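Q: Questions regarding the structure given below will be posed in turn.
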There are 2 protein chains.
Amino acid sequence: MAEAPASEQDRLYRVRHSIAHIMAQAVLERYPEAGVGIGPPIENGFYYDFDLGTGDDGRPRTFTPEDLEQIEARMRELIAGRHPFVYRELTPEDARETFQQQTYKLELIEGALQGGIDEYGNESDETPIISAYRHDAFEDFCRGPHVEHGGQIPPDAFKLMSVAGAYWRGSEHNPMLQRIYGTAWLRKKDLQEHLKMLEEAKQRDHRKLGRELELFTFDDEVGPGLPLWQPRGAAIIEELEKLAKEMEFQAGYDRVRTPHLSKDALFERSGHLSHYTDSMFPPMQMDGLDYYVKPMNCPFHNKIYASKPRSYRDLPLRLAEYGTCYRYEQSGELYGLMRVRSMQMNDAHIYCTEEQFEAEFLAVIDMYQEYFRLFNIDKFFMRLSTHHKRGLGIKYVDNERLWHKTEDMVRSAMKRSGMPYEEVPDEAAFYGPKIDVQGWSVIGREFSLATNQVDFVLPERFNLTFVNREGQEETPLCIHRAPLGTHERTIGFLIEHYAGNFPVWLSPEQVRVIPIADAHHDFATDIAARLRKVGIRAGADLSNERMNRKIREAQLMKVPYMPVVGDREMEQGNVSLRKRDRSPQETFSVEAFIDFVQDKISSRSSEL
Amino acid sequence: MAEAPASEQDRLYRVRHSIAHIMAQAVLERYPEAGVGIGPPIENGFYYDFDLGTGDDGRPRTFTPEDLEQIEARMRELIAGRHPFVYRELTPEDARETFQQQTYKLELIEGALQGGIDEYGNESDETPIISAYRHDAFEDFCRGPHVEHGGQIPPDAFKLMSVAGAYWRGSEHNPMLQRIYGTAWLRKKDLQEHLKMLEEAKQRDHRKLGRELELFTFDDEVGPGLPLWQPRGAAIIEELEKLAKEMEFQAGYDRVRTPHLSKDALFERSGHLSHYTDSMFPPMQMDGLDYYVKPMNCPFHNKIYASKPRSYRDLPLRLAEYGTCYRYEQSGELYGLMRVRSMQMNDAHIYCTEEQFEAEFLAVIDMYQEYFRLFNIDKFFMRLSTHHKRGLGIKYVDNERLWHKTEDMVRSAMKRSGMPYEEVPDEAAFYGPKIDVQGWSVIGREFSLATNQVDFVLPERFNLTFVNREGQEETPLCIHRAPLGTHERTIGFLIEHYAGNFPVWLSPEQVRVIPIADAHHDFATDIAARLRKVGIRAGADLSNERMNRKIREAQLMKVPYMPVVGDREMEQGNVSLRKRDRSPQETFSVEAFIDFVQDKISSRSSEL
């Protein structure tokens, strides 16, 4: 989806913010005793938190679906009232007096008066101005901005969506409030599109499709966050690896293989044990030492670099591996394939001189773009994460000069690339700045797809050197890059992006031959065998079902090609090709059909 | 090497056994105070253990190279004496009297008298007969058989090889004896061949070639038994995986991917924690549970089987994975790639009905043969390992009936296959009998290459079922098979088998273009680029060295093709092809050369 222009974004922000206030008024009218928390505009809409007190069962009271309906109806009435939104500044006394009934607001006001937090309870450096906005009977501790009056809010472009529990100020030690989420837009059409997108997203949810299409599964006895890839999912993995290996061979990468675990000495040297233990699996004690499964491949690749003397003639050296890494995530944070504990990474480390850095960095970005073209990902942008002074020596290696130098190098390369990017402080890797690539699926869901990091730390820690043209030892730079991220996240993204309708080359089952009756089974089996002979993932449906049922089942599994064979086809050595997209059937000779499928696969076509 | 006929084997045994006695006499003449241990014939020769007492430094005295020379010379004199070997049986008193000076012999005699051990100190069920053989001045506690007299020993077909320390009766609590190894044959020619083979084996040692050819490396900070595969080694891995994936796709296997670790619950269910913990890595404690890295892939594949309902129509289901497993070995037992802690296994599990078992089992054996043909492995045989009653409930699952039933099934399938095999009791896997395939490299070194196991236990433990034709639930059988074993062992074998001269398709670097002078660099670079474009691992040597030096270096890295380009080649668009085997140079047009290489690769030819 294209970004709205800035003026429209500002209007939308005001509408969402104001509609949150209107909702709070409607809630207070229905539940006069309710405590009100915070109510900011957010992506796609707004929310507001309320404390409805405790029910007879001792648990926090919550909103019913009927409540939401009534509140939404009342909100439309309030909007129709076209009440102005009026700003005023308050003295501390005024503020305490105005919000005396609202303990949550009072807590925020006291915080703001002492400095350091804003009206949403977030940390803030700004000078506190205690201000409020009033419309009709509701006044809120707020800095705005808002619409001028309710008439500027389109009454048919918002909807209350859901209720969720949310701890006051995000801490489980605080009371649990009830959060109502709403979505709000400038036009009814936008709301409808958004709701349609949500419905579509639900249909495309990779967890749902992953189960239905038998791509992957989880098992309680194996453990959370550890996907087991069924044959159909593994077929996608194999295709992605084949693609990456081909592309990386052409781009001059060398493949390596390294173990999934190591002595602690390796991770001590790399700094992972000082900066990254929270994300690592716990140790195994063996032969009196601690061994760890690897959270990253870099320390191992550094060892391969170090396994022989290197000269400037060997650089750039690009070591690539599909290395599975293991990272600890709280089990509550695991989510389908998007947040897992085992990660099959499309990893590589490029060792180069400073002069080679920019060309190598830009070549990696070109590779991203090649992937994105192939997967029809039109919208993406990059985020440059840099260090923050306060993390030096804690989450970042303590060398401010090199941080600035490397960040300048990356910034300048990014500018040269002409790619859209934004800079985010305090999100770097511990060994250097990084670029993350965000992509959007066709239905507008955002994914973090790839990463590209510059490392000025590890090569030195591993005593990596090369002999330069002058015969002197020099330390190389290292670029960590993963253009296809991990199989887990990439495939999760692709499932939703394609809604399971993978292009032929990626389809787990590429052809299912459908015989009309038993008499055609041998012919169907023979066609499937000829397809498999040339490496096409094909089978024949020899069940006793009727043809239509067979087609329906192949369609459910999103098989791209369903060649149907009956008497006429058998006589003429033909197939009647039915495609997944239900385009008009075409007749092919068997040979021509095999050529046709092979061509779609070898060109990695996105057309059926 | 062909096996010798039985009569010749018997003669060889007698010669080796007798020559051991002759060596003991020669040692005792030189060191009259020496204690004598045991001296059996072994593969290729014989040894004898001696106690030379303690030196001035308090450590056991040992043999010098000069000792060995003198002893060998004296042995030839003794052989020339044609002394008869005379047998007699002894009463216990006779025996104690005869060997009163030899405390080690006395210990063995007492053991034999009490029953349970033989004259080499090994466990034995046989009735003890205390017998001795005498020749010339030396008599030994011994059952024979021996030659009739020293004249039957060829004096030019033996050689003393080395000295090594060996604990008396294999226990580190006992004194350390000095073992002299010798090799002995029936003909001088056989001795010479054997010595040549040993020299060749040293040259081919996979640890030596692995280092020289930059295939793999070990690193102290990573840990013992955990190889790091450098780009050239990883190229071989990639080719082997490509081969296996192609063959297995055609054989109807489905690929899967599973994590390298799991909760303890999985290995409790599988029985690994009860029967196999000694070979497992220690646990990681996470979220209050023990997690283990996997020693085998089977429990994971069982979970994939169980991830959906199965019908008889789905069987046989063949789940394949290149899954890396981790097994604990004492660090002293690790040996190059042959005994490691991380194993990239060519693994698969075939779930089938009892009726399908034989066909599936034989198809696996066919697959072995296909691999062996491809790798020119002419000599191999199979070992059928069965259970032993005494291990039931300890190292074997406790169900004697099923052991016998499954062993019968395998035995009958083996007979049908017509493959040479021998049966070894008490070596089965804990869940069923297994077939191991032993192969010999071209120089006659033996390797355990592949495995094929039948499992009547795990499917039930994992509640695996299928609905049979009658609509009832049934438990499938499971065949565990790994025809290419692990990458580690297979590549270790192939390195020695080919002496690093891999066929073109397996060669890490397939083509190195050699420009004669700077003026030919662009032409050479262009040829290399065209080769890479079609997937051939090719480069150009653009160093400043002279042509001969470049060729020597390519030859050292065993690059199969070294197309040389100079003025004439550039003019005519040709290359002068020099091959690794130094066969006469041929001239090709660049196009014809590319076709030629592609053809060798795609046919996996063993010819250059």
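Please note that chains go A, B, ... in the order of the structure tokens, that every chain numbers its residues from 1, and that ligands are numbered from 1 in the order shown.
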Mind dumping a table of every chain B residue within 6 Å of chain A, with the nearest atom pair and its distance in Å to one decimal, using only C-alpha atoms, sorted by chain and rising number, as a Markdown table?
A:
```
| residue | atom | partner | partner_atom | distance |
| --- | --- | --- | --- | --- |
| B:Glu221 | CA | A:Leu266 | CA | 5.1 |
| B:Val222 | CA | A:Ser262 | CA | 4.6 |
| B:Gly223 | CA | A:Lys263 | CA | 5.7 |
| B:Leu228 | CA | A:Thr258 | CA | 4.8 |
| B:Trp229 | CA | A:Arg257 | CA | 4.9 |
| B:Gln230 | CA | A:Val256 | CA | 5.4 |
| B:Pro231 | CA | A:Val256 | CA | 4.9 |
| B:Ala234 | CA | A:Val256 | CA | 5.1 |
| B:Asp254 | CA | A:Pro231 | CA | 5.6 |
| B:Arg255 | CA | A:Pro231 | CA | 5.3 |
| B:Val256 | CA | A:Pro231 | CA | 4.9 |
| B:Arg257 | CA | A:Trp229 | CA | 4.9 |
| B:Thr258 | CA | A:Leu228 | CA | 4.8 |
| B:Ser262 | CA | A:Val222 | CA | 4.6 |
| B:Lys263 | CA | A:Val222 | CA | 5.2 |
| B:Ala265 | CA | A:Glu221 | CA | 5.2 |
| B:Leu266 | CA | A:Glu221 | CA | 5.1 |
| B:Pro282 | CA | A:Met284 | CA | 5.6 |
| B:Pro283 | CA | A:Met284 | CA | 5.7 |
| B:Met284 | CA | A:Met284 | CA | 5.2 |
```
Q: Fewer than 4 positions away in the same chain doesn't count, so skip those; otherwise give me all residues within 10 Å of stretch 40-44 of chain A, counting only C-alpha atoms, as a CSV table (one decimal) with N, CA, C and O atoms, in the first residue's frame.
A:
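Once written, out-v2.csv looks like this:
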```csv
chain,number,residue,atom,x,y,z
A,12,LEU,N,-5.4,12.1,9.8
A,12,LEU,CA,-5.8,10.8,10.3
A,12,LEU,C,-5.4,10.7,11.8
A,12,LEU,O,-6.1,10.1,12.6
A,13,TYR,N,-4.2,11.2,12.1
A,13,TYR,CA,-3.7,11.1,13.5
A,13,TYR,C,-4.7,11.9,14.4
A,13,TYR,O,-5.1,11.4,15.4
A,14,ARG,N,-5.2,13.1,14.0
A,14,ARG,CA,-6.1,13.9,14.8
A,14,ARG,C,-7.4,13.2,14.9
A,14,ARG,O,-8.0,13.1,16.0
A,15,VAL,N,-7.9,12.6,13.8
A,15,VAL,CA,-9.2,11.9,13.9
A,15,VAL,C,-9.1,10.7,14.9
A,15,VAL,O,-10.0,10.6,15.7
A,16,ARG,N,-8.1,9.9,14.8
A,16,ARG,CA,-7.9,8.7,15.6
A,16,ARG,C,-7.8,9.1,17.1
A,16,ARG,O,-8.4,8.5,18.0
A,17,HIS,N,-7.0,10.2,17.3
A,17,HIS,CA,-6.8,10.7,18.7
A,17,HIS,C,-8.2,11.2,19.3
A,17,HIS,O,-8.5,10.9,20.4
A,18,SER,N,-8.9,11.9,18.5
A,18,SER,CA,-10.1,12.5,19.0
A,18,SER,C,-11.2,11.5,19.2
A,18,SER,O,-12.0,11.5,20.2
A,19,ILE,N,-11.2,10.5,18.3
A,19,ILE,CA,-12.2,9.5,18.5
A,19,ILE,C,-12.0,8.6,19.7
A,19,ILE,O,-12.9,8.1,20.3
A,20,ALA,N,-10.7,8.5,20.1
A,20,ALA,CA,-10.4,7.8,21.4
A,20,ALA,C,-11.0,8.6,22.6
A,20,ALA,O,-11.6,8.0,23.5
A,21,HIS,N,-10.9,9.9,22.5
A,21,HIS,CA,-11.6,10.7,23.6
A,21,HIS,C,-13.1,10.5,23.6
A,21,HIS,O,-13.7,10.4,24.6
A,48,TYR,N,-8.2,2.7,24.0
A,48,TYR,CA,-8.3,3.4,25.3
A,48,TYR,C,-8.5,2.3,26.4
A,48,TYR,O,-9.1,1.3,26.2
A,49,ASP,N,-7.8,2.5,27.6
A,49,ASP,CA,-7.8,1.5,28.6
A,49,ASP,C,-8.7,2.0,29.8
A,49,ASP,O,-8.7,3.2,30.1
A,119,GLU,N,2.2,12.1,28.9
A,119,GLU,CA,0.8,11.8,29.3
A,119,GLU,C,0.4,10.3,29.0
A,119,GLU,O,-0.7,9.9,29.5
A,120,TYR,N,1.3,9.6,28.3
A,120,TYR,CA,1.0,8.2,28.1
A,120,TYR,C,1.9,7.3,29.1
A,120,TYR,O,1.9,6.1,29.0
A,142,CYS,N,-4.0,15.8,28.2
A,142,CYS,CA,-3.6,15.5,26.8
A,142,CYS,C,-2.9,16.7,26.2
A,142,CYS,O,-3.2,17.9,26.4
A,144,GLY,N,-2.8,16.8,22.7
A,144,GLY,CA,-3.3,16.9,21.3
A,144,GLY,C,-2.3,16.3,20.4
A,144,GLY,O,-1.4,15.6,20.8
A,158,PHE,N,-15.3,4.3,11.1
A,158,PHE,CA,-14.6,3.7,12.3
A,158,PHE,C,-15.4,2.5,12.8
A,158,PHE,O,-16.6,2.4,12.4
A,181,TYR,N,-10.0,-1.7,21.5
A,181,TYR,CA,-9.3,-1.3,20.2
A,181,TYR,C,-10.4,-0.9,19.2
A,181,TYR,O,-11.4,-1.6,19.1
A,182,GLY,N,-10.1,0.2,18.5
A,182,GLY,CA,-10.9,0.6,17.4
A,182,GLY,C,-10.1,0.9,16.2
A,182,GLY,O,-8.9,1.1,16.3
A,183,THR,N,-10.7,0.8,15.0
A,183,THR,CA,-10.0,1.2,13.8
A,183,THR,C,-10.7,2.4,13.3
A,183,THR,O,-12.0,2.5,13.4
A,184,ALA,N,-10.0,3.4,12.7
A,184,ALA,CA,-10.6,4.6,12.2
A,184,ALA,C,-9.9,5.1,11.0
A,184,ALA,O,-8.7,5.0,10.9
A,185,TRP,N,-10.7,5.6,10.0
A,185,TRP,CA,-10.1,6.1,8.8
A,185,TRP,C,-10.8,7.4,8.3
A,185,TRP,O,-11.7,7.9,9.0
A,191,LEU,N,-12.0,2.2,5.5
A,191,LEU,CA,-12.4,1.2,6.5
A,191,LEU,C,-12.7,-0.1,5.9
A,191,LEU,O,-12.2,-1.2,6.4
A,194,HIS,N,-9.7,-1.9,4.9
A,194,HIS,CA,-8.9,-2.4,6.0
A,194,HIS,C,-9.6,-3.7,6.6
A,194,HIS,O,-8.9,-4.7,6.9
```
Q: What is the distance between atom CA of A:Arg179 and atom CA of A:Ala164, in Å to one decimal?
A: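 Distance reported for this atom pair: 5.2 Å.
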Q: Write out as a list in words all residues of stretch 481-579 of chain A that DSSP puts in strand (DSSP E) for this structure's backbone.
A: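 Answer for stretch 481-579 of chain A restricted to strand (DSSP E) is Arg481, Ala482, Val511, Arg512, Val513, Ile514, Pro515, Ala538, Gly539, Ala540, Tyr561, Met562, Pro563, Val564, Val565, Asn574, Val575, Ser576, Leu577, Arg578 and Lys579 of chain A.
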Q: Measuring between only C-alpha atoms, which one of A:Pro560, A:Pro459, A:Gly471, A:Gly165 shows the shortest distance to A:Asn501?
A: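 Smallest distance to A:Asn501 is found for A:Pro560.
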Q: Do you have the atom CA of B:Ile129-atom CA of B:Glu107 distance handy?
A: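 Atom CA of B:Glu107 lies 15.2 Å from atom CA of B:Ile129.
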Q: Within stretch 310-512 of chain A, find each residue whose DSSP state, derived from the backbone, is alpha helix (DSSP H), and express the selection as number ranges by chain.
A: A: 354-374, 400-417, 458-461, 487-498
Q: Can you list, as a ChimeraX atom specification, every protein, DNA or RNA residue that comes within 10 Å of A:Pro92 when you count only C-alpha atoms, leaving out same-chain residues fewer than 5 positions away?
A: /A:97-98,109-110,113,129-131
Q: Grab the residues selected above and save them as a compact mmCIF listing (two decimals), in the first residue's frame with N, CA and C atoms.
A:
```
# COMPACT_ATOMS: atom_id res chain seq x y z
N GLU A 97 -7.11 19.16 40.78
CA GLU A 97 -8.52 19.40 41.06
C GLU A 97 -9.40 18.78 39.95
N THR A 98 -9.03 19.07 38.68
CA THR A 98 -9.83 18.61 37.54
C THR A 98 -9.94 17.09 37.51
N ILE A 109 -0.14 12.69 35.92
CA ILE A 109 0.10 14.13 36.12
C ILE A 109 1.25 14.35 37.09
N GLU A 110 1.26 13.59 38.18
CA GLU A 110 2.35 13.74 39.14
C GLU A 110 3.69 13.39 38.47
N LEU A 113 4.70 16.21 36.29
CA LEU A 113 5.15 17.37 37.07
C LEU A 113 6.58 17.16 37.56
N ILE A 129 4.40 20.41 30.19
CA ILE A 129 3.31 21.39 30.18
C ILE A 129 2.07 20.58 30.48
N ILE A 130 1.35 20.93 31.55
CA ILE A 130 0.15 20.18 31.89
C ILE A 130 -0.99 20.81 31.13
N SER A 131 -1.52 20.04 30.16
CA SER A 131 -2.59 20.61 29.34
C SER A 131 -3.71 19.60 29.24
```
Q: Tell me, as a ChimeraX atom specification, which residues lie within 12 Å of stretch 431-433 of chain A, counting only C-alpha atoms; anything in the same chain fewer than 5 positions away does not count.
A: /A:270-272,274-276,298,383-388,392-411,423-426,451-461,477-480
Q: Applying 12 Å and only C-alpha atoms, which residues near B:Asp567 remain after dropping the ones on its own chain fewer than 4 positions away? List them as a PDB file with all heavy atoms, in the first residue's frame.
A:
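The result, written out as selection04.pdb:
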```pdb
ATOM      1  N   PRO B 515      46.746 -18.986 -17.590  1.00  0.00           N
ATOM      2  CA  PRO B 515      47.258 -18.101 -18.642  1.00  0.00           C
ATOM      3  C   PRO B 515      48.792 -18.140 -18.632  1.00  0.00           C
ATOM      4  O   PRO B 515      49.404 -18.179 -17.566  1.00  0.00           O
ATOM      5  CB  PRO B 515      46.739 -16.729 -18.230  1.00  0.00           C
ATOM      6  CG  PRO B 515      46.506 -16.816 -16.762  1.00  0.00           C
ATOM      7  CD  PRO B 515      46.276 -18.252 -16.413  1.00  0.00           C
ATOM      8  N   ILE B 516      49.392 -18.151 -19.832  1.00  0.00           N
ATOM      9  CA  ILE B 516      50.852 -18.239 -19.888  1.00  0.00           C
ATOM     10  C   ILE B 516      51.503 -16.925 -19.456  1.00  0.00           C
ATOM     11  O   ILE B 516      52.504 -16.917 -18.757  1.00  0.00           O
ATOM     12  CB  ILE B 516      51.302 -18.652 -21.309  1.00  0.00           C
ATOM     13  CG1 ILE B 516      50.828 -20.104 -21.561  1.00  0.00           C
ATOM     14  CG2 ILE B 516      52.811 -18.534 -21.481  1.00  0.00           C
ATOM     15  CD1 ILE B 516      51.108 -20.636 -22.945  1.00  0.00           C
ATOM     16  N   ALA B 517      50.903 -15.802 -19.849  1.00  0.00           N
ATOM     17  CA  ALA B 517      51.476 -14.492 -19.472  1.00  0.00           C
ATOM     18  C   ALA B 517      50.354 -13.498 -19.196  1.00  0.00           C
ATOM     19  O   ALA B 517      49.180 -13.801 -19.424  1.00  0.00           O
ATOM     20  CB  ALA B 517      52.383 -13.994 -20.597  1.00  0.00           C
ATOM     21  N   ASP B 518      50.728 -12.310 -18.695  1.00  0.00           N
ATOM     22  CA  ASP B 518      49.738 -11.290 -18.347  1.00  0.00           C
ATOM     23  C   ASP B 518      48.778 -11.007 -19.495  1.00  0.00           C
ATOM     24  O   ASP B 518      47.588 -10.769 -19.291  1.00  0.00           O
ATOM     25  CB  ASP B 518      50.434  -9.965 -17.989  1.00  0.00           C
ATOM     26  CG  ASP B 518      51.082 -10.050 -16.620  1.00  0.00           C
ATOM     27  OD1 ASP B 518      51.096 -11.166 -16.051  1.00  0.00           O
ATOM     28  OD2 ASP B 518      51.584  -9.017 -16.136  1.00  0.00           O
ATOM     29  N   ALA B 519      49.314 -11.040 -20.728  1.00  0.00           N
ATOM     30  CA  ALA B 519      48.504 -10.710 -21.900  1.00  0.00           C
ATOM     31  C   ALA B 519      47.321 -11.662 -22.057  1.00  0.00           C
ATOM     32  O   ALA B 519      46.349 -11.347 -22.748  1.00  0.00           O
ATOM     33  CB  ALA B 519      49.366 -10.755 -23.162  1.00  0.00           C
ATOM     34  N   HIS B 520      47.379 -12.811 -21.384  1.00  0.00           N
ATOM     35  CA  HIS B 520      46.303 -13.793 -21.555  1.00  0.00           C
ATOM     36  C   HIS B 520      45.332 -13.828 -20.381  1.00  0.00           C
ATOM     37  O   HIS B 520      44.441 -14.661 -20.334  1.00  0.00           O
ATOM     38  CB  HIS B 520      46.920 -15.187 -21.776  1.00  0.00           C
ATOM     39  CG  HIS B 520      48.070 -15.175 -22.730  1.00  0.00           C
ATOM     40  ND1 HIS B 520      49.346 -15.554 -22.380  1.00  0.00           N
ATOM     41  CD2 HIS B 520      48.144 -14.754 -24.023  1.00  0.00           C
ATOM     42  CE1 HIS B 520      50.161 -15.387 -23.415  1.00  0.00           C
ATOM     43  NE2 HIS B 520      49.458 -14.898 -24.422  1.00  0.00           N
ATOM     44  N   HIS B 521      45.544 -12.888 -19.438  1.00  0.00           N
ATOM     45  CA  HIS B 521      44.699 -12.885 -18.233  1.00  0.00           C
ATOM     46  C   HIS B 521      43.226 -12.689 -18.557  1.00  0.00           C
ATOM     47  O   HIS B 521      42.368 -13.382 -18.015  1.00  0.00           O
ATOM     48  CB  HIS B 521      45.179 -11.809 -17.252  1.00  0.00           C
ATOM     49  CG  HIS B 521      46.336 -12.274 -16.414  1.00  0.00           C
ATOM     50  ND1 HIS B 521      46.748 -11.617 -15.290  1.00  0.00           N
ATOM     51  CD2 HIS B 521      47.152 -13.343 -16.532  1.00  0.00           C
ATOM     52  CE1 HIS B 521      47.781 -12.252 -14.753  1.00  0.00           C
ATOM     53  NE2 HIS B 521      48.053 -13.300 -15.509  1.00  0.00           N
ATOM     54  N   PHE B 523      41.557 -13.247 -21.287  1.00  0.00           N
ATOM     55  CA  PHE B 523      41.006 -14.417 -21.974  1.00  0.00           C
ATOM     56  C   PHE B 523      40.744 -15.543 -20.956  1.00  0.00           C
ATOM     57  O   PHE B 523      39.678 -16.170 -20.942  1.00  0.00           O
ATOM     58  CB  PHE B 523      42.008 -14.871 -23.053  1.00  0.00           C
ATOM     59  CG  PHE B 523      41.513 -15.998 -23.919  1.00  0.00           C
ATOM     60  CD1 PHE B 523      40.274 -15.926 -24.549  1.00  0.00           C
ATOM     61  CD2 PHE B 523      42.300 -17.131 -24.125  1.00  0.00           C
ATOM     62  CE1 PHE B 523      39.829 -16.968 -25.365  1.00  0.00           C
ATOM     63  CE2 PHE B 523      41.858 -18.176 -24.935  1.00  0.00           C
ATOM     64  CZ  PHE B 523      40.618 -18.099 -25.553  1.00  0.00           C
ATOM     65  N   ALA B 524      41.709 -15.743 -20.053  1.00  0.00           N
ATOM     66  CA  ALA B 524      41.567 -16.790 -19.030  1.00  0.00           C
ATOM     67  C   ALA B 524      40.396 -16.491 -18.107  1.00  0.00           C
ATOM     68  O   ALA B 524      39.589 -17.367 -17.778  1.00  0.00           O
ATOM     69  CB  ALA B 524      42.863 -16.916 -18.227  1.00  0.00           C
ATOM     70  N   GLU B 571      44.312 -16.509 -30.096  1.00  0.00           N
ATOM     71  CA  GLU B 571      44.000 -16.227 -31.508  1.00  0.00           C
ATOM     72  C   GLU B 571      42.894 -17.123 -32.032  1.00  0.00           C
ATOM     73  O   GLU B 571      42.001 -16.693 -32.746  1.00  0.00           O
ATOM     74  CB  GLU B 571      45.248 -16.485 -32.351  1.00  0.00           C
ATOM     75  CG  GLU B 571      45.912 -15.241 -32.861  1.00  0.00           C
ATOM     76  CD  GLU B 571      47.310 -15.586 -33.354  1.00  0.00           C
ATOM     77  OE1 GLU B 571      47.428 -16.531 -34.162  1.00  0.00           O
ATOM     78  OE2 GLU B 571      48.269 -14.947 -32.866  1.00  0.00           O
ATOM     79  N   GLN B 572      42.996 -18.406 -31.653  1.00  0.00           N
ATOM     80  CA  GLN B 572      42.075 -19.387 -32.243  1.00  0.00           C
ATOM     81  C   GLN B 572      40.863 -19.689 -31.364  1.00  0.00           C
ATOM     82  O   GLN B 572      40.017 -20.505 -31.734  1.00  0.00           O
ATOM     83  CB  GLN B 572      42.849 -20.686 -32.519  1.00  0.00           C
ATOM     84  CG  GLN B 572      43.992 -20.447 -33.493  1.00  0.00           C
ATOM     85  CD  GLN B 572      44.908 -21.653 -33.628  1.00  0.00           C
ATOM     86  OE1 GLN B 572      44.825 -22.606 -32.862  1.00  0.00           O
ATOM     87  NE2 GLN B 572      45.790 -21.599 -34.625  1.00  0.00           N
ATOM     88  N   GLY B 573      40.787 -19.010 -30.209  1.00  0.00           N
ATOM     89  CA  GLY B 573      39.655 -19.280 -29.315  1.00  0.00           C
ATOM     90  C   GLY B 573      39.694 -20.698 -28.753  1.00  0.00           C
ATOM     91  O   GLY B 573      38.657 -21.317 -28.540  1.00  0.00           O
ATOM     92  N   ASN B 574      40.897 -21.187 -28.482  1.00  0.00           N
ATOM     93  CA  ASN B 574      41.071 -22.562 -28.017  1.00  0.00           C
ATOM     94  C   ASN B 574      41.661 -22.611 -26.606  1.00  0.00           C
ATOM     95  O   ASN B 574      42.099 -21.586 -26.066  1.00  0.00           O
ATOM     96  CB  ASN B 574      42.057 -23.298 -28.935  1.00  0.00           C
ATOM     97  CG  ASN B 574      41.408 -23.662 -30.259  1.00  0.00           C
ATOM     98  OD1 ASN B 574      40.191 -23.596 -30.392  1.00  0.00           O
ATOM     99  ND2 ASN B 574      42.228 -24.029 -31.229  1.00  0.00           N
ATOM    100  N   VAL B 575      41.685 -23.836 -26.058  1.00  0.00           N
ATOM    101  CA  VAL B 575      42.485 -24.094 -24.865  1.00  0.00           C
ATOM    102  C   VAL B 575      43.312 -25.354 -25.135  1.00  0.00           C
ATOM    103  O   VAL B 575      42.885 -26.228 -25.894  1.00  0.00           O
ATOM    104  CB  VAL B 575      41.621 -24.341 -23.597  1.00  0.00           C
ATOM    105  CG1 VAL B 575      40.725 -23.148 -23.307  1.00  0.00           C
ATOM    106  CG2 VAL B 575      40.782 -25.613 -23.729  1.00  0.00           C
ATOM    107  N   SER B 576      44.511 -25.413 -24.531  1.00  0.00           N
ATOM    108  CA  SER B 576      45.299 -26.647 -24.565  1.00  0.00           C
ATOM    109  C   SER B 576      45.075 -27.333 -23.232  1.00  0.00           C
ATOM    110  O   SER B 576      45.537 -26.847 -22.201  1.00  0.00           O
ATOM    111  CB  SER B 576      46.789 -26.339 -24.717  1.00  0.00           C
ATOM    112  OG  SER B 576      47.021 -25.800 -25.988  1.00  0.00           O
TER     113      SER B 576
END
```
Q: Using only C-alpha atoms, determine which residues lie at most 7 Å from B:Leu315, disregarding the query and same-chain residues fewer than 2 positions distant; provide the list as a PyMOL selection string.
A: chain B and resi 312-313+317+351-352
Q: As an exercise, work out the distance from atom CA of B:Val597 to atom CA of B:Phe502 in Å and give it to one decimal place.
A: 14.3 Å
